[in-house]
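> The following file, input_8.csv, comprises CSV, C-alpha atoms:
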```
chain,number,residue,atom,x,y,z
A,1,MET,CA,96.1,92.9,120.0
A,2,VAL,CA,95.9,96.5,118.9
A,3,VAL,CA,98.1,97.6,116.0
A,4,GLU,CA,98.8,101.3,115.9
A,5,ARG,CA,100.8,103.5,113.6
A,6,ARG,CA,101.3,107.3,114.1
A,7,VAL,CA,102.2,109.9,111.5
A,8,THR,CA,103.1,113.4,112.8
A,9,ILE,CA,101.5,116.2,110.8
A,10,PRO,CA,104.3,118.4,109.4
A,11,ASP,CA,104.5,122.2,109.9
A,12,GLY,CA,102.7,124.2,107.3
A,13,VAL,CA,100.2,121.3,106.6
A,14,THR,CA,96.6,121.2,107.5
A,15,ALA,CA,95.0,117.8,107.8
A,16,THR,CA,91.2,117.2,108.3
A,17,LEU,CA,89.1,114.1,108.6
A,18,ASP,CA,85.5,114.1,107.6
A,19,GLY,CA,84.2,110.6,108.3
A,20,THR,CA,86.6,108.5,106.3
A,21,VAL,CA,87.6,111.2,103.8
A,22,PHE,CA,91.1,112.6,104.6
A,23,THR,CA,92.0,116.0,103.3
A,24,VAL,CA,95.6,117.5,103.3
A,25,LYS,CA,96.4,121.1,102.4
A,26,GLY,CA,99.8,122.5,102.0
A,27,ALA,CA,102.0,124.9,100.1
A,28,LYS,CA,101.7,123.0,96.7
A,29,GLY,CA,98.0,122.3,96.9
A,30,ALA,CA,95.4,120.0,98.4
A,31,LEU,CA,94.9,116.2,98.2
A,32,VAL,CA,91.7,114.2,99.2
A,33,ARG,CA,91.6,110.5,99.7
A,34,ASP,CA,89.0,108.1,101.2
A,35,PHE,CA,90.4,105.8,103.8
A,36,ARG,CA,87.4,103.5,104.1
A,37,TYR,CA,88.4,100.0,105.0
A,38,PRO,CA,86.6,97.6,107.4
A,39,GLY,CA,88.4,97.1,110.6
A,40,VAL,CA,90.8,100.1,110.2
A,41,ASN,CA,90.3,103.4,112.0
A,42,VAL,CA,91.9,106.7,111.1
A,43,VAL,CA,91.8,109.5,113.7
A,44,ILE,CA,93.5,112.9,114.1
A,45,GLU,CA,94.6,113.6,117.6
A,46,ASN,CA,97.3,116.0,119.1
A,47,GLY,CA,98.9,116.9,115.8
A,48,GLU,CA,99.2,113.3,114.7
A,49,VAL,CA,97.3,111.0,112.4
A,50,VAL,CA,96.7,107.6,114.2
A,51,VAL,CA,95.8,104.5,112.1
A,52,THR,CA,94.7,101.6,114.3
A,53,THR,CA,93.0,98.1,114.1
A,54,GLU,CA,92.0,95.6,116.7
A,55,SER,CA,92.0,92.7,114.2
A,56,THR,CA,94.6,89.9,114.1
A,57,ARG,CA,94.1,89.2,110.4
A,58,LYS,CA,97.2,89.7,108.3
A,59,GLN,CA,95.3,91.5,105.5
A,60,ILE,CA,93.9,94.1,107.9
A,61,ILE,CA,97.2,94.6,109.7
A,62,ALA,CA,98.9,95.1,106.3
A,63,MET,CA,96.2,97.7,105.4
A,64,VAL,CA,97.2,99.8,108.5
A,65,GLY,CA,100.7,100.1,107.0
A,66,THR,CA,99.3,100.8,103.6
A,67,HIS,CA,97.1,103.7,105.0
A,68,THR,CA,100.2,105.0,106.9
A,69,ALA,CA,102.3,105.0,103.7
A,70,HIS,CA,99.5,106.8,101.7
A,71,ILE,CA,99.3,109.5,104.4
A,72,LYS,CA,103.0,110.1,104.4
A,73,ASN,CA,102.9,110.3,100.6
A,74,MET,CA,100.1,112.9,100.8
A,75,PHE,CA,102.1,115.0,103.2
A,76,GLY,CA,105.2,114.8,101.0
A,77,GLY,CA,103.2,115.8,98.0
A,78,VAL,CA,101.7,118.9,99.4
A,79,ILE,CA,105.0,120.0,100.9
A,80,SER,CA,107.5,119.3,98.0
A,81,GLY,CA,105.6,117.4,95.2
A,82,TYR,CA,106.9,114.5,93.2
A,83,GLU,CA,109.0,114.5,90.0
A,84,TYR,CA,109.7,111.5,87.7
A,85,ARG,CA,112.3,111.7,85.0
A,86,MET,CA,112.0,109.5,81.9
A,87,LYS,CA,114.7,108.8,79.3
A,88,VAL,CA,113.9,108.2,75.6
A,89,VAL,CA,116.2,105.4,74.5
A,90,TYR,CA,116.5,104.3,70.8
A,91,SER,CA,119.2,102.7,68.7
A,92,HIS,CA,117.3,101.9,65.5
A,93,PHE,CA,114.8,104.7,64.7
A,94,PRO,CA,114.7,108.1,66.4
A,95,ILE,CA,111.6,108.4,68.5
A,96,GLN,CA,109.7,111.6,68.3
A,97,ILE,CA,107.4,112.8,71.2
A,98,LYS,CA,104.6,115.3,71.1
A,99,LEU,CA,102.2,116.6,73.7
A,100,LYS,CA,98.6,116.9,72.5
A,101,GLY,CA,96.5,118.1,75.3
A,102,ASP,CA,96.3,115.3,77.9
A,103,ILE,CA,98.0,112.7,75.6
A,104,VAL,CA,101.6,111.9,74.9
A,105,GLU,CA,102.1,110.9,71.2
A,106,VAL,CA,105.1,108.7,70.4
A,107,ASN,CA,105.9,108.7,66.7
A,108,ASN,CA,108.4,106.5,64.7
A,109,PHE,CA,108.8,104.0,67.5
A,110,LEU,CA,110.8,101.1,65.9
A,111,GLY,CA,109.9,102.6,62.6
A,112,GLU,CA,106.2,102.0,63.0
A,113,LYS,CA,103.9,104.2,60.8
A,114,LYS,CA,101.2,104.4,63.4
A,115,ALA,CA,101.7,106.6,66.5
A,116,ARG,CA,101.5,105.2,70.0
A,117,TYR,CA,99.6,107.1,72.7
A,118,ALA,CA,99.7,107.4,76.5
A,119,LYS,CA,97.2,109.3,78.6
A,120,ILE,CA,98.3,112.0,81.0
A,121,LEU,CA,96.2,111.8,84.2
A,122,PRO,CA,94.8,115.0,85.7
A,123,GLY,CA,97.1,116.7,88.1
A,124,VAL,CA,100.3,115.8,86.2
A,125,SER,CA,102.3,118.2,84.1
A,126,VAL,CA,104.7,116.8,81.5
A,127,LYS,CA,107.6,118.6,80.0
A,128,VAL,CA,109.4,117.2,76.9
A,129,GLY,CA,113.1,117.9,76.6
A,130,ASN,CA,115.7,116.6,74.3
A,131,ASP,CA,115.4,112.8,74.7
A,132,GLU,CA,113.9,113.3,78.2
A,133,LEU,CA,110.4,113.7,79.8
A,134,THR,CA,109.8,115.2,83.2
A,135,LEU,CA,106.5,114.5,85.0
A,136,THR,CA,105.6,116.5,88.1
A,137,GLY,CA,102.6,116.6,90.4
A,138,ILE,CA,101.6,116.5,94.1
A,139,ASP,CA,99.9,113.1,94.0
A,140,LYS,CA,102.5,110.3,93.9
A,141,ASP,CA,100.0,107.7,92.7
A,142,VAL,CA,98.9,109.8,89.7
A,143,VAL,CA,102.4,110.8,88.7
A,144,GLY,CA,103.6,107.2,88.9
A,145,SER,CA,100.6,105.8,87.0
A,146,THR,CA,101.2,108.3,84.2
A,147,ALA,CA,104.8,107.3,84.0
A,148,ALA,CA,103.8,103.7,83.9
A,149,MET,CA,101.4,104.3,81.0
A,150,ILE,CA,104.0,106.1,79.0
A,151,GLU,CA,106.5,103.3,79.7
A,152,ARG,CA,103.9,100.7,78.7
A,153,ALA,CA,102.9,102.5,75.5
A,154,THR,CA,106.5,101.9,74.2
A,155,ARG,CA,106.6,98.2,75.1
A,156,VAL,CA,108.4,96.2,72.4
A,157,ARG,CA,106.1,93.6,70.8
A,158,ASP,CA,106.8,90.8,68.4
A,159,ARG,CA,110.6,91.4,68.5
A,160,ASP,CA,113.4,90.1,70.7
A,161,SER,CA,113.6,92.5,73.7
A,162,ARG,CA,117.3,91.7,74.2
A,163,VAL,CA,118.1,93.2,70.8
A,164,PHE,CA,115.4,95.9,70.6
A,165,GLN,CA,115.8,97.8,73.8
A,166,ASP,CA,114.1,101.0,72.5
A,167,GLY,CA,111.5,102.7,74.7
A,168,ILE,CA,110.8,105.4,77.2
A,169,TYR,CA,112.0,104.4,80.7
A,170,ILE,CA,111.8,105.8,84.2
A,171,VAL,CA,115.3,106.7,85.3
A,172,GLN,CA,114.8,108.9,88.4
A,173,LYS,CA,112.1,109.4,91.0
A,174,ALA,CA,112.2,112.4,93.3
```
Could the structure of this file be written out as structure tokens, please?

Amino acid sequence: MVVERRVTIPDGVTATLDGTVFTVKGAKGALVRDFRYPGVNVVIENGEVVVTTESTRKQIIAMVGTHTAHIKNMFGGVISGYEYRMKVVYSHFPIQIKLKGDIVEVNNFLGEKKARYAKILPGVSVKVGNDELTLTGIDKDVVGSTAAMIERATRVRDRDSRVFQDGIYIVQKA
């Protein structure tokens, strides 16, 4: 049984494969990812990226779908990019957010004296608005990971989370 998934290379995008290293170049920039996995083959032919396996194991068949999704995300990133909007929610103490290089500093979270920090991964730009953060980048994994780290930095500890719903939360993904 051969499992095969095909992804058409969009117009304006250049895709190359060097061994297992897949490179995509488009209007917004370039992305590189290594698709090395035993039993899964990635090939470019006739303007399509073909991901195949001859294995019958569920884990390897699932990895074909995972590789296909990553390739589609790479194409989407170099064409239009990704944007995550985060909302600053507070009811007890006003949260103050500052950007310091590649770190987001969250002050006065639940009245705490110490600041909380979240790292901004390379390739992500963060804009701080009035009670809103906007994260943009071309790599969906990196933008999502940065949003998750900011959300996790404002996790409520040692209090009832039903009462204290303060934090910074993802409200929109585009």
> Show me, as a list in words, the residues that have an atom within 8 Å of A:Ala27 when counting only C-alpha atoms, minus same-chain residues fewer than 3 positions from it.
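Within the cut-off, the hits are Gly12, Val13, Val78 and Ile79 of chain A.
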> Can you work out which one of A:Phe22, A:Tyr37, A:Phe93, A:Tyr117 has the shortest atom-to-atom distance to A:Ile61, counting all atoms listed in the file?
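With all atoms listed in the file as the atom set, the closest residue is A:Tyr37.
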> Of the residues A:Glu48, A:Val106, A:Tyr90, A:Asp11, which is the one nearest to A:Val163, using all atoms listed in the file?
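Comparing A:Glu48, A:Val106, A:Tyr90, A:Asp11 against A:Val163, the winner is A:Tyr90.
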> Could you please determine the separation between atom CA of A:Ala174 and atom CA of A:Glu83 in Å, to one decimal place?
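Spanning atom CA of A:Ala174 to atom CA of A:Glu83 is a straight-line distance of 5.1 Å.
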> Restricting the calculation to only C-alpha atoms: of A:Val40, A:Ala148, A:Leu31, A:Ile138, which residue gets closest to A:Thr56?
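Selected residue with least distance to A:Thr56: A:Val40.
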